[in-house]
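A.B. asks: Here you go, this is run_32.cif (mmCIF, C-alpha atoms and all ligand atoms).
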data_protein
loop_
_atom_site.label_atom_id
_atom_site.label_comp_id
_atom_site.auth_asym_id
_atom_site.auth_seq_id
_atom_site.Cartn_x
_atom_site.Cartn_y
_atom_site.Cartn_z
CA MET A 1 -10.07 39.23 -21.76
CA THR A 2 -6.42 38.42 -20.84
CA LYS A 3 -5.97 39.11 -17.15
CA THR A 4 -2.89 40.38 -15.38
CA VAL A 5 -3.17 38.96 -11.88
CA LEU A 6 -1.13 40.35 -8.99
CA VAL A 7 -0.92 37.86 -6.11
CA THR A 8 0.14 39.72 -2.98
CA GLY A 9 1.65 37.29 -0.46
CA GLY A 10 2.55 35.12 -3.44
CA THR A 11 5.60 33.53 -1.81
CA GLY A 12 3.76 31.99 1.14
CA LEU A 13 1.83 28.78 1.79
CA VAL A 14 -1.25 29.76 -0.23
CA GLY A 15 0.67 31.77 -2.83
CA LYS A 16 2.93 28.84 -3.65
CA ALA A 17 -0.10 26.55 -3.94
CA LEU A 18 -1.68 28.99 -6.40
CA GLU A 19 1.56 29.07 -8.40
CA THR A 20 1.61 25.26 -8.55
CA VAL A 21 -2.00 25.07 -9.79
CA ILE A 22 -1.51 27.87 -12.34
CA LYS A 23 1.56 26.10 -13.76
CA GLU A 24 -0.60 23.01 -14.40
CA ARG A 25 -3.10 25.07 -16.43
CA ASN A 26 -2.66 26.51 -19.92
CA THR A 27 -3.48 30.14 -19.38
CA SER A 28 -2.77 33.23 -21.47
CA ASP A 29 -3.20 35.31 -18.35
CA VAL A 30 -0.15 37.00 -16.79
CA TRP A 31 0.52 36.11 -13.15
CA TYR A 32 2.84 37.96 -10.75
CA PHE A 33 3.53 36.33 -7.36
CA ALA A 34 4.81 39.10 -5.10
CA GLY A 35 6.62 38.67 -1.77
CA SER A 36 7.88 41.33 0.61
CA LYS A 37 11.06 41.67 -1.50
CA ASP A 38 8.81 43.16 -4.22
CA GLY A 39 7.74 45.86 -1.76
CA ASP A 40 6.67 46.24 1.86
CA LEU A 41 2.90 46.58 1.56
CA THR A 42 2.66 48.35 4.92
CA VAL A 43 4.28 51.25 3.02
CA LEU A 44 1.97 53.06 0.58
CA THR A 45 4.72 54.28 -1.77
CA GLU A 46 6.07 50.71 -2.11
CA THR A 47 2.55 49.40 -2.69
CA LYS A 48 1.98 51.97 -5.45
CA ALA A 49 5.36 51.11 -7.03
CA LEU A 50 4.39 47.42 -7.16
CA TYR A 51 1.09 48.24 -8.88
CA GLU A 52 2.91 50.57 -11.32
CA LYS A 53 5.31 47.72 -12.16
CA VAL A 54 2.71 44.93 -12.53
CA LYS A 55 -0.30 46.98 -13.77
CA PRO A 56 -2.76 44.31 -12.61
CA THR A 57 -6.31 43.98 -13.87
CA HIS A 58 -7.07 41.54 -11.02
CA VAL A 59 -5.62 41.04 -7.54
CA ILE A 60 -5.58 38.02 -5.24
CA HIS A 61 -4.70 39.60 -1.91
CA LEU A 62 -2.97 37.09 0.40
CA ALA A 63 -0.25 39.27 1.98
CA ALA A 64 -0.62 39.51 5.74
CA MET A 65 1.13 39.12 9.03
CA VAL A 66 0.12 35.49 9.66
CA GLY A 67 0.71 33.03 12.48
CA GLY A 68 -0.68 30.42 14.81
CA LEU A 69 -2.34 30.71 18.20
CA PHE A 70 0.79 31.42 20.28
CA TYR A 71 2.19 34.02 17.87
CA ASN A 72 -1.17 35.80 17.82
CA MET A 73 -1.54 35.73 21.60
CA ASN A 74 1.75 37.58 22.03
CA ASN A 75 1.43 40.06 19.16
CA ASN A 76 -2.15 41.32 18.88
CA LEU A 77 -1.07 44.97 18.40
CA ASP A 78 1.30 44.15 15.53
CA PHE A 79 -1.24 41.82 13.89
CA LEU A 80 -3.82 44.62 14.06
CA ARG A 81 -1.66 47.50 12.81
CA LYS A 82 0.38 45.73 10.12
CA ASN A 83 -2.64 44.02 8.60
CA LEU A 84 -4.73 47.21 8.68
CA GLN A 85 -1.89 49.03 6.87
CA ILE A 86 -1.38 46.26 4.28
CA ASN A 87 -5.11 45.90 3.59
CA ASP A 88 -5.77 49.62 3.20
CA ASN A 89 -2.76 50.12 0.91
CA VAL A 90 -3.56 47.10 -1.28
CA LEU A 91 -7.30 47.78 -1.61
CA GLN A 92 -7.07 51.56 -2.12
CA THR A 93 -4.31 51.19 -4.72
CA ALA A 94 -6.34 48.51 -6.53
CA PHE A 95 -9.29 50.94 -6.53
CA GLU A 96 -7.13 53.78 -7.90
CA HIS A 97 -5.76 51.46 -10.61
CA GLY A 98 -9.27 50.51 -11.66
CA CYS A 99 -8.70 46.81 -10.98
CA VAL A 100 -11.64 44.75 -12.26
CA LYS A 101 -11.67 42.46 -9.23
CA VAL A 102 -9.89 41.85 -5.94
CA VAL A 103 -10.20 38.62 -3.95
CA SER A 104 -8.94 38.99 -0.36
CA CYS A 105 -8.49 36.42 2.40
CA LEU A 106 -10.25 36.34 5.76
CA SER A 107 -10.20 33.30 8.11
CA THR A 108 -12.69 31.17 10.06
CA CYS A 109 -10.84 32.21 13.24
CA ILE A 110 -12.20 35.77 12.98
CA PHE A 111 -15.83 34.84 13.73
CA PRO A 112 -17.45 35.72 17.08
CA ASP A 113 -16.16 33.64 19.98
CA LYS A 114 -19.66 33.30 21.44
CA THR A 115 -21.71 31.92 18.58
CA THR A 116 -24.06 29.21 17.41
CA TYR A 117 -22.80 26.46 15.09
CA PRO A 118 -22.22 25.90 12.32
CA ILE A 119 -20.86 29.38 11.59
CA ASP A 120 -21.84 30.90 8.24
CA GLU A 121 -20.90 33.96 6.17
CA THR A 122 -23.66 36.11 7.70
CA MET A 123 -22.10 35.92 11.18
CA VAL A 124 -18.73 37.67 10.66
CA HIS A 125 -19.61 40.81 12.67
CA ASN A 126 -22.02 39.35 15.21
CA GLY A 127 -19.84 39.80 18.27
CA PRO A 128 -16.24 40.03 19.51
CA PRO A 129 -13.69 37.46 18.29
CA HIS A 130 -11.70 35.16 20.57
CA ASP A 131 -9.31 37.13 22.80
CA SER A 132 -6.26 35.18 21.56
CA ASN A 133 -6.28 36.81 18.12
CA PHE A 134 -8.49 39.92 18.34
CA GLY A 135 -5.89 42.04 16.51
CA TYR A 136 -5.75 39.82 13.43
CA SER A 137 -9.51 39.22 13.54
CA TYR A 138 -10.56 42.89 13.55
CA ALA A 139 -8.07 43.74 10.79
CA LYS A 140 -9.48 40.90 8.68
CA ARG A 141 -13.11 41.79 9.41
CA LEU A 142 -12.44 45.32 8.18
CA ILE A 143 -11.58 43.92 4.72
CA ASP A 144 -15.25 42.93 4.41
CA VAL A 145 -16.31 46.47 5.43
CA GLN A 146 -13.82 48.03 2.99
CA ASN A 147 -15.08 45.76 0.18
CA ARG A 148 -18.64 46.99 0.71
CA ALA A 149 -17.49 50.61 0.74
CA TYR A 150 -15.66 50.21 -2.59
CA PHE A 151 -18.68 48.48 -4.12
CA GLU A 152 -20.97 51.28 -2.92
CA LYS A 153 -18.55 53.89 -4.33
CA ASN A 154 -18.33 52.59 -7.89
CA GLY A 155 -19.48 49.00 -8.12
CA SER A 156 -15.97 47.51 -7.80
CA VAL A 157 -16.10 43.74 -7.26
CA PHE A 158 -13.85 43.55 -4.23
CA THR A 159 -14.74 40.32 -2.45
CA SER A 160 -13.22 37.90 0.06
CA VAL A 161 -12.92 34.21 0.87
CA ILE A 162 -12.98 32.75 4.40
CA PRO A 163 -10.73 29.66 4.55
CA CYS A 164 -10.60 27.31 7.53
CA ASN A 165 -7.10 26.35 8.78
CA ILE A 166 -4.78 25.71 5.83
CA PHE A 167 -1.75 23.41 5.56
CA GLY A 168 0.55 22.02 2.88
CA PRO A 169 3.94 22.36 1.18
CA HIS A 170 5.79 25.69 1.61
CA ASP A 171 4.12 26.28 4.98
CA ASN A 172 5.83 28.32 7.70
CA PHE A 173 7.42 25.77 10.06
CA LYS A 174 9.03 28.32 12.40
CA PRO A 175 7.87 26.94 15.78
CA GLU A 176 7.30 30.32 17.48
CA VAL A 177 5.21 31.57 14.51
CA SER A 178 3.64 28.49 12.96
CA HIS A 179 0.15 27.03 12.93
CA VAL A 180 -0.47 23.66 14.57
CA ILE A 181 0.23 21.31 11.64
CA PRO A 182 3.59 22.78 10.55
CA GLY A 183 4.46 23.32 14.22
CA MET A 184 3.95 19.65 15.08
CA ILE A 185 5.65 18.48 11.86
CA TYR A 186 8.72 20.56 12.75
CA ARG A 187 8.82 19.33 16.37
CA MET A 188 8.27 15.66 15.54
CA HIS A 189 11.00 15.76 12.87
CA LYS A 190 13.34 17.35 15.44
CA LEU A 191 12.48 14.75 18.13
CA ILE A 192 13.10 11.83 15.75
CA ASN A 193 16.35 13.16 14.32
CA GLU A 194 18.11 14.46 17.42
CA ASP A 195 19.20 12.48 20.51
CA THR A 196 19.91 9.31 18.52
CA ALA A 197 21.08 7.68 21.78
CA THR A 198 17.47 7.26 22.91
CA LYS A 199 15.45 4.47 21.28
CA GLU A 200 12.55 5.96 19.30
CA GLU A 201 9.98 3.89 21.20
CA ASP A 202 11.21 5.60 24.38
CA LYS A 203 10.76 9.10 22.93
CA VAL A 204 7.80 11.27 23.96
CA PHE A 205 6.12 13.79 21.62
CA THR A 206 4.25 16.64 23.33
CA VAL A 207 1.04 18.07 21.94
CA PHE A 208 0.56 21.63 23.23
CA GLY A 209 -2.75 22.09 25.07
CA SER A 210 -5.33 19.40 25.86
CA GLY A 211 -5.49 18.07 22.28
CA LYS A 212 -9.28 18.42 22.51
CA PRO A 213 -9.93 21.54 20.36
CA LEU A 214 -11.62 20.87 17.05
CA ARG A 215 -10.47 22.22 13.68
CA GLN A 216 -11.33 21.93 9.99
CA PHE A 217 -8.22 21.80 7.78
CA ILE A 218 -8.06 22.49 4.04
CA TYR A 219 -5.11 21.35 1.95
CA SER A 220 -3.43 24.37 0.33
CA LEU A 221 -3.74 23.03 -3.22
CA ASP A 222 -7.50 22.50 -2.78
CA LEU A 223 -7.84 26.06 -1.52
CA ALA A 224 -5.84 27.35 -4.49
CA LYS A 225 -8.23 25.64 -6.94
CA LEU A 226 -11.23 27.11 -5.11
CA MET A 227 -9.69 30.60 -5.06
CA LEU A 228 -9.18 30.41 -8.82
CA TRP A 229 -12.86 29.50 -9.17
CA VAL A 230 -13.76 32.55 -7.01
CA LEU A 231 -11.55 34.75 -9.21
CA GLU A 232 -13.27 33.48 -12.37
CA ASP A 233 -16.87 32.81 -11.35
CA TYR A 234 -17.86 34.32 -7.98
CA ASP A 235 -18.89 37.98 -8.37
CA LYS A 236 -20.60 38.83 -5.12
CA VAL A 237 -19.05 41.22 -2.59
CA ASP A 238 -20.27 39.06 0.30
CA PRO A 239 -17.55 36.69 1.56
CA ILE A 240 -17.67 32.95 0.87
CA ILE A 241 -16.38 30.27 3.26
CA LEU A 242 -13.91 27.87 1.62
CA SER A 243 -13.74 24.97 4.06
CA VAL A 244 -14.00 21.20 4.19
CA ASP A 245 -17.27 19.74 5.51
CA GLU A 246 -18.32 20.03 9.16
CA SER A 247 -18.03 16.24 9.34
CA ASP A 248 -14.31 16.52 8.44
CA GLU A 249 -13.58 18.34 11.71
CA VAL A 250 -10.81 16.64 13.73
CA THR A 251 -9.28 17.09 17.20
CA ILE A 252 -5.75 18.37 17.63
CA LEU A 253 -4.85 14.95 19.11
CA GLN A 254 -6.13 13.22 15.96
CA VAL A 255 -3.91 15.58 13.93
CA ALA A 256 -0.90 14.58 16.05
CA ALA A 257 -1.71 10.90 15.46
CA SER A 258 -1.90 11.50 11.68
CA ILE A 259 1.45 13.28 11.70
CA ALA A 260 2.99 10.48 13.83
CA LYS A 261 1.68 7.93 11.32
CA ALA A 262 3.21 9.89 8.43
CA PHE A 263 6.59 9.84 10.24
CA ASN A 264 6.05 6.21 11.32
CA PHE A 265 6.86 7.56 14.81
CA LYS A 266 7.19 4.72 17.33
CA GLY A 267 7.21 6.77 20.54
CA LYS A 268 4.50 8.07 22.88
CA ILE A 269 2.24 11.12 22.45
CA VAL A 270 1.29 13.20 25.51
CA CYS A 271 -0.59 16.52 25.98
CA ASP A 272 0.83 19.50 27.89
CA THR A 273 -2.29 21.09 29.38
CA SER A 274 -0.22 23.95 30.80
CA LYS A 275 -0.23 25.38 27.28
CA ALA A 276 -3.25 27.28 25.83
CA ASP A 277 -5.92 25.57 23.75
CA GLY A 278 -7.16 28.76 22.07
CA GLN A 279 -10.62 28.54 20.50
CA TYR A 280 -12.28 25.20 21.34
CA LYS A 281 -14.01 25.09 17.95
CA LYS A 282 -14.88 27.32 14.98
CA THR A 283 -17.02 24.91 13.01
CA ALA A 284 -17.90 26.55 9.70
CA SER A 285 -20.55 25.61 7.17
CA ASN A 286 -19.49 25.29 3.51
CA LYS A 287 -23.13 25.12 2.37
CA LYS A 288 -22.82 28.24 0.19
CA LEU A 289 -19.76 26.75 -1.57
CA ARG A 290 -21.39 23.33 -1.96
CA THR A 291 -24.48 24.98 -3.47
CA LEU A 292 -22.43 26.97 -6.02
CA LYS A 293 -19.82 24.28 -6.71
CA PRO A 294 -21.35 20.89 -5.82
CA ASP A 295 -18.81 18.86 -7.82
CA PHE A 296 -15.65 19.91 -5.93
CA LYS A 297 -13.72 17.04 -4.35
CA PHE A 298 -11.48 17.77 -1.33
CA SER A 299 -8.20 15.86 -0.95
CA ASN A 300 -7.99 13.10 1.66
CA PHE A 301 -6.69 14.56 4.95
CA GLU A 302 -4.30 11.70 5.82
CA GLU A 303 -2.83 11.65 2.30
CA SER A 304 -2.35 15.43 2.42
CA ILE A 305 -0.61 15.17 5.80
CA ASN A 306 1.68 12.49 4.29
CA THR A 307 2.47 14.77 1.34
CA SER A 308 3.19 17.71 3.66
CA VAL A 309 5.49 15.64 5.91
CA LYS A 310 7.30 14.25 2.84
CA TRP A 311 7.68 17.79 1.45
CA PHE A 312 9.17 19.02 4.73
CA ILE A 313 11.68 16.16 4.92
CA GLU A 314 12.73 16.61 1.27
CA ASN A 315 12.94 20.41 1.53
CA TYR A 316 14.26 20.65 5.09
CA GLU A 317 17.26 22.79 4.10
CA THR A 318 15.20 25.52 2.42
CA ALA A 319 11.89 25.31 4.34
CA ARG A 320 10.85 28.34 6.48
CA LYS A 321 11.76 27.13 10.00
P1 LIG B 1 2.35 32.98 4.81
O1 LIG B 1 2.78 31.66 4.34
O2 LIG B 1 2.82 33.52 6.11
O3 LIG B 1 2.70 34.04 3.64
C1 LIG B 1 2.47 35.41 3.89
C2 LIG B 1 2.78 36.14 2.62
O4 LIG B 1 2.56 37.54 2.82
C3 LIG B 1 4.23 35.97 2.17
O5 LIG B 1 4.28 35.94 0.76
C4 LIG B 1 4.88 37.22 2.71
O6 LIG B 1 6.03 37.63 1.98
C5 LIG B 1 3.76 38.23 2.49
N1 LIG B 1 3.90 39.39 3.36
C6 LIG B 1 3.85 39.42 4.71
N2 LIG B 1 4.05 40.68 5.15
C7 LIG B 1 4.23 41.47 4.04
C8 LIG B 1 4.49 42.83 3.82
N3 LIG B 1 4.58 43.70 4.84
N4 LIG B 1 4.64 43.27 2.55
C9 LIG B 1 4.54 42.43 1.50
N5 LIG B 1 4.29 41.10 1.64
C10 LIG B 1 4.14 40.64 2.90
O7 LIG B 1 0.76 33.08 4.86
P2 LIG B 1 -0.35 32.10 4.26
O8 LIG B 1 -0.61 31.02 5.26
O9 LIG B 1 -0.01 31.78 2.85
O10 LIG B 1 -1.63 33.06 4.30
C11 LIG B 1 -2.11 33.65 3.11
C12 LIG B 1 -3.42 34.32 3.46
O11 LIG B 1 -4.34 33.33 3.96
C13 LIG B 1 -3.30 35.37 4.56
O12 LIG B 1 -4.09 36.50 4.24
C14 LIG B 1 -3.83 34.66 5.81
O13 LIG B 1 -4.39 35.61 6.73
C15 LIG B 1 -4.88 33.77 5.21
N6 LIG B 1 -5.23 32.58 6.01
C16 LIG B 1 -4.24 31.69 6.37
C17 LIG B 1 -4.60 30.54 7.10
C18 LIG B 1 -3.58 29.50 7.49
O14 LIG B 1 -3.94 28.54 8.22
N7 LIG B 1 -2.33 29.59 7.04
C19 LIG B 1 -5.94 30.33 7.47
C20 LIG B 1 -6.91 31.26 7.07
C21 LIG B 1 -6.52 32.38 6.33
P3 LIG B 1 7.48 37.04 2.39
O15 LIG B 1 7.42 35.60 2.07
O16 LIG B 1 8.44 37.79 1.54
O17 LIG B 1 7.63 37.30 3.86
O1 LIG B 2 -3.08 26.50 14.15
P1 LIG B 2 -3.14 26.99 15.54
O2 LIG B 2 -1.85 27.51 16.14
O3 LIG B 2 -4.15 28.19 15.68
O4 LIG B 2 -3.73 25.81 16.46
P2 LIG B 2 -5.73 28.23 15.84
C1 LIG B 2 -3.68 25.95 17.83
C2 LIG B 2 -4.18 24.68 18.54
O5 LIG B 2 -3.24 23.60 18.31
C3 LIG B 2 -4.21 24.92 20.03
C4 LIG B 2 -2.63 23.25 19.56
O6 LIG B 2 -5.18 24.09 20.61
C5 LIG B 2 -2.81 24.49 20.42
O7 LIG B 2 -2.73 24.16 21.82
N1 LIG B 2 -1.22 22.88 19.33
C6 LIG B 2 -0.65 21.71 19.69
C7 LIG B 2 -0.30 23.63 18.69
N2 LIG B 2 0.65 21.69 19.34
C8 LIG B 2 0.89 22.88 18.69
C9 LIG B 2 2.04 23.44 18.07
O8 LIG B 2 3.15 22.85 18.04
N3 LIG B 2 1.91 24.67 17.49
C10 LIG B 2 0.72 25.35 17.51
N4 LIG B 2 0.64 26.56 16.88
N5 LIG B 2 -0.41 24.86 18.11
C11 LIG B 2 -5.32 30.43 14.52
C12 LIG B 2 -5.49 31.93 14.71
O9 LIG B 2 -6.02 29.78 15.56
O10 LIG B 2 -5.91 30.00 13.30
C13 LIG B 2 -4.85 32.67 13.57
O11 LIG B 2 -4.89 32.33 15.94
C14 LIG B 2 -5.15 32.06 12.22
O12 LIG B 2 -5.26 34.03 13.63
C15 LIG B 2 -5.20 30.55 12.21
O13 LIG B 2 -6.35 32.55 11.72
C16 LIG B 2 -5.80 30.01 10.94
O14 LIG B 2 -6.40 27.40 14.82
O15 LIG B 2 -6.05 28.00 17.26
#
Please render this file's structure as structure tokens.
C.D. replies:
Amino acid sequence: MTKTVLVTGGTGLVGKALETVIKERNTSDVWYFAGSKDGDLTVLTETKALYEKVKPTHVIHLAAMVGGLFYNMNNNLDFLRKNLQINDNVLQTAFEHGCVKVVSCLSTCIFPDKTTYPIDETMVHNGPPHDSNFGYSYAKRLIDVQNRAYFEKNGSVFTSVIPCNIFGPHDNFKPEVSHVIPGMIYRMHKLINEDTATKEEDKVFTVFGSGKPLRQFIYSLDLAKLMLWVLEDYDKVDPIILSVDESDEVTILQVAASIAKAFNFKGKIVCDTSKADGQYKKTASNKKLRTLKPDFKFSNFEESINTSVKWFIENYETARK
């Protein structure tokens, strides 16, 4: 069956990675990568108009108000309301259009703050999320509840994936909005390229927080390949974690060192502990994924950081910053 796939949020970090992977594959399917210029999905009439235009059989739902720790901390109400509106409009309109399948996106940051480790898919609703991003977290958790309600109603396969932190080309580098990797890439590039009077070895790069929190990071192109596998071959409503191994977890300070290496930065790295750390860890198990897809190979973290830094330098003029 030839699919017509609507990718909401198709112009962002993950959407662009999907577009790159799809271009490398010979597919007869029709793909439509929608951004907010195609319609504001917080508005039901604009959501319906987009579905009328694309007439999708399948949907990969990425569109969301998205941001890093500091953006979440200061905007929990907006993260809650905008994402609730987007999710309800996109899922209900997919249901009304009789879409065969919808794959939505949760995040490993929505799990309970007080939890045992490693976290797995059964633990999504086992307690309140971390205070820093409760708005985003509850809106995302409700996608899982909505998916079950649609399945109960008529057997629709509306499912979701739970990625760990994602990074790669086409990320959002805007410092007040961004996640840690694009945020540090942007700030290190700025430090190196401004104030040319100071010798680079005398320059000091600041890591926000203690640098001690632990994170798992998935390269956007790896996630895109896994999401395409979910679209084709995963037909359960229950969510599936798409994350690198627990053993691939790194500290924020290690991430800063990797970025410094990619820039060949010769200065010092210090931590500003006056800034928030956010969640200390959110270690997720990818056992379910490894069981269903044992042959998948994740990209090397350092190489992916190098590629992302190179992309930012080469696309500095047009990058979101
Ligand atoms: P992103 O780069 O910020 O892209 C967000 C996308 O959503 C863009 O295409 C944006 O369109 C679109 N969008 C935002 N508000 C919209 C609206 N009101 N109407 C229509 N489109 C709208 O985000 P991302 O990092 O690719 O995230 C994709 C998905 O992965 C999200 O659901 C996010 O929650 C999830 N996720 C991300 C991470 C991460 O570390 N980045 C981790 C776990 C899960 P414009 O470009 O036109 O603004
Ligand atoms: O990616 P990030 O902003 O969000 O990472 P989370 C935050 C961690 O990186 C904190 C440190 O420990 C920060 O102190 N950090 C160091 C920085 N330098 C920087 C910097 O320049 N920018 C940023 N942003 N952090 C988010 C959730 O949590 O994870 C979102 O709030 C989302 O909802 C995302 O789900 C995937 O990983 O802490």
A.B. asks: Give the residues close to ligand LIG 1 (chain B), within 7 Å, counting all atoms listed in the file; write them as an MDAnalysis selection string.
C.D. replies: chainID A and resid 8:15 34:37 39:42 61:67 86 105:108 162:167 171:172 179
A.B. asks: Counting all atoms listed in the file, what residues are within 7 Å of ligand LIG 2 (chain B), given as a VMD selection string?
C.D. replies: chain A and resid 66 to 70 72 107 to 110 132 to 133 136 to 137 164 to 166 175 178 to 181 183 to 184 187 207 to 211 213 215 252 275 to 279
A.B. asks: Pick the closest to A:Asn147 from A:Ser247, A:Thr273, A:Asn89, A:Ser160: which is it, counting only C-alpha atoms?
C.D. replies: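 Going through A:Ser247, A:Thr273, A:Asn89, A:Ser160 one by one, the smallest distance to A:Asn147 is for A:Ser160.
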A.B. asks: For A:Thr318, find every residue with an atom within 12 Å (counting only C-alpha atoms), except residues of its own chain fewer than 3 positions away, and show them as a PyMOL selection string.
C.D. replies: chain A and resi 169-173+311-315+321
A.B. asks: From the list A:Thr122, A:Thr45, A:Thr4, A:Ser243, which residue is nearest A:Leu223 when using all atoms listed in the file?
C.D. replies: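 Of the candidates, the smallest distance to A:Leu223 is held by A:Ser243.
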A.B. asks: Looking at A:Asn306, A:Asn26, A:Asn76, A:Thr93, which one is nearest to A:Leu50, with distances taken over all atoms listed in the file?
C.D. replies: A:Thr93
A.B. asks: Box along x, y and z, 5 Å on every side, all listed atoms of stretch 142-147 of chain A inside: centre and edge lengths in Å to one decimal, as JSON.
C.D. replies:
{"center_x": -13.9, "center_y": 45.5, "center_z": 4.2, "size_x": 14.7, "size_y": 15.1, "size_z": 18.0}
A.B. asks: Restricting the calculation to only C-alpha atoms: of A:Glu194, A:Glu302, A:Asp202, A:Glu317, which residue gets closest to A:Val255?
C.D. replies: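 Closest to A:Val255, using only C-alpha atoms: A:Glu302.
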A.B. asks: When you look at A:Asn264 with a cut-off of 12 Å (counting only C-alpha atoms), what residues show up, excluding the ones that are within fewer than 6 positions of it in the same chain? I need them as a VMD selection string.
C.D. replies: chain A and resid 188 to 189 192 200 to 201 256 to 258 306 309 to 310
A.B. asks: What is the atom CA of A:Val30-atom CA of A:Asp233 distance in Å, reported with one decimal?
C.D. replies: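 Computing the Euclidean distance for atom CA of A:Val30 and atom CA of A:Asp233 yields 18.1 Å.
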A.B. asks: Choose the residue, out of A:His130, A:Leu84, A:Gly168, A:Pro118, that has the smallest atom-to-atom separation from A:Leu142; count only C-alpha atoms.
C.D. replies: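 Residue with the minimum atom-to-atom distance to A:Leu142: A:Leu84.
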A.B. asks: Which one of A:Leu6, A:Ile119, A:Met73, A:Val177 sits closest to A:Lys53 if you count all atoms listed in the file?
C.D. replies: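 Using all atoms listed in the file, the shortest distance to A:Lys53 belongs to A:Leu6.
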A.B. asks: Counting all atoms listed in the file, which residues come within 9 Å of (-16.2, 31.8, 0.6), with the point read in the file's coordinates, and could you list them as a list in words?
C.D. replies: Glu121, Ser160, Val161, Ile162, Pro163, Leu226, Met227, Val230, Asp238, Pro239, Ile240, Ile241, Leu242, Ser243, Asn286, Lys288 and Leu289 of chain A
A.B. asks: Kindly output stretch 113-130 of chain A as a CSV table (one decimal), in the frame of the given file, after building N, CA and C atoms.
C.D. replies:
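Now in out_0.csv:
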chain,number,residue,atom,x,y,z
A,113,ASP,N,-16.5,34.7,19.1
A,113,ASP,CA,-16.2,33.6,20.0
A,113,ASP,C,-17.4,33.0,20.5
A,114,LYS,N,-18.4,33.8,20.9
A,114,LYS,CA,-19.7,33.3,21.4
A,114,LYS,C,-20.6,33.2,20.2
A,115,THR,N,-20.9,32.0,19.8
A,115,THR,CA,-21.7,31.9,18.6
A,115,THR,C,-22.5,30.6,18.6
A,116,THR,N,-23.4,30.5,17.6
A,116,THR,CA,-24.1,29.2,17.4
A,116,THR,C,-23.3,28.5,16.3
A,117,TYR,N,-23.5,27.2,16.1
A,117,TYR,CA,-22.8,26.5,15.1
A,117,TYR,C,-23.8,25.7,14.2
A,118,PRO,N,-23.5,25.5,12.9
A,118,PRO,CA,-22.2,25.9,12.3
A,118,PRO,C,-22.2,27.4,12.0
A,119,ILE,N,-21.0,28.0,11.9
A,119,ILE,CA,-20.9,29.4,11.6
A,119,ILE,C,-21.1,29.5,10.1
A,120,ASP,N,-21.7,30.6,9.7
A,120,ASP,CA,-21.8,30.9,8.2
A,120,ASP,C,-21.5,32.3,7.9
A,121,GLU,N,-21.5,32.7,6.6
A,121,GLU,CA,-20.9,34.0,6.2
A,121,GLU,C,-21.6,35.2,6.7
A,122,THR,N,-22.9,35.0,7.2
A,122,THR,CA,-23.7,36.1,7.7
A,122,THR,C,-23.3,36.5,9.1
A,123,MET,N,-22.3,35.7,9.7
A,123,MET,CA,-22.1,35.9,11.2
A,123,MET,C,-20.8,36.6,11.5
A,124,VAL,N,-20.1,37.1,10.5
A,124,VAL,CA,-18.7,37.7,10.7
A,124,VAL,C,-18.7,38.7,11.8
A,125,HIS,N,-19.7,39.6,11.8
A,125,HIS,CA,-19.6,40.8,12.7
A,125,HIS,C,-20.5,40.7,13.9
A,126,ASN,N,-21.0,39.5,14.2
A,126,ASN,CA,-22.0,39.4,15.2
A,126,ASN,C,-21.5,39.3,16.7
A,127,GLY,N,-20.3,39.8,16.9
A,127,GLY,CA,-19.8,39.8,18.3
A,127,GLY,C,-18.3,39.7,18.3
A,128,PRO,N,-17.7,40.0,19.5
A,128,PRO,CA,-16.2,40.0,19.5
A,128,PRO,C,-15.6,38.7,19.2
A,129,PRO,N,-14.4,38.7,18.6
A,129,PRO,CA,-13.7,37.5,18.3
A,129,PRO,C,-13.0,36.9,19.5
A,130,HIS,N,-12.4,35.7,19.4
A,130,HIS,CA,-11.7,35.2,20.6
A,130,HIS,C,-10.6,36.1,21.0
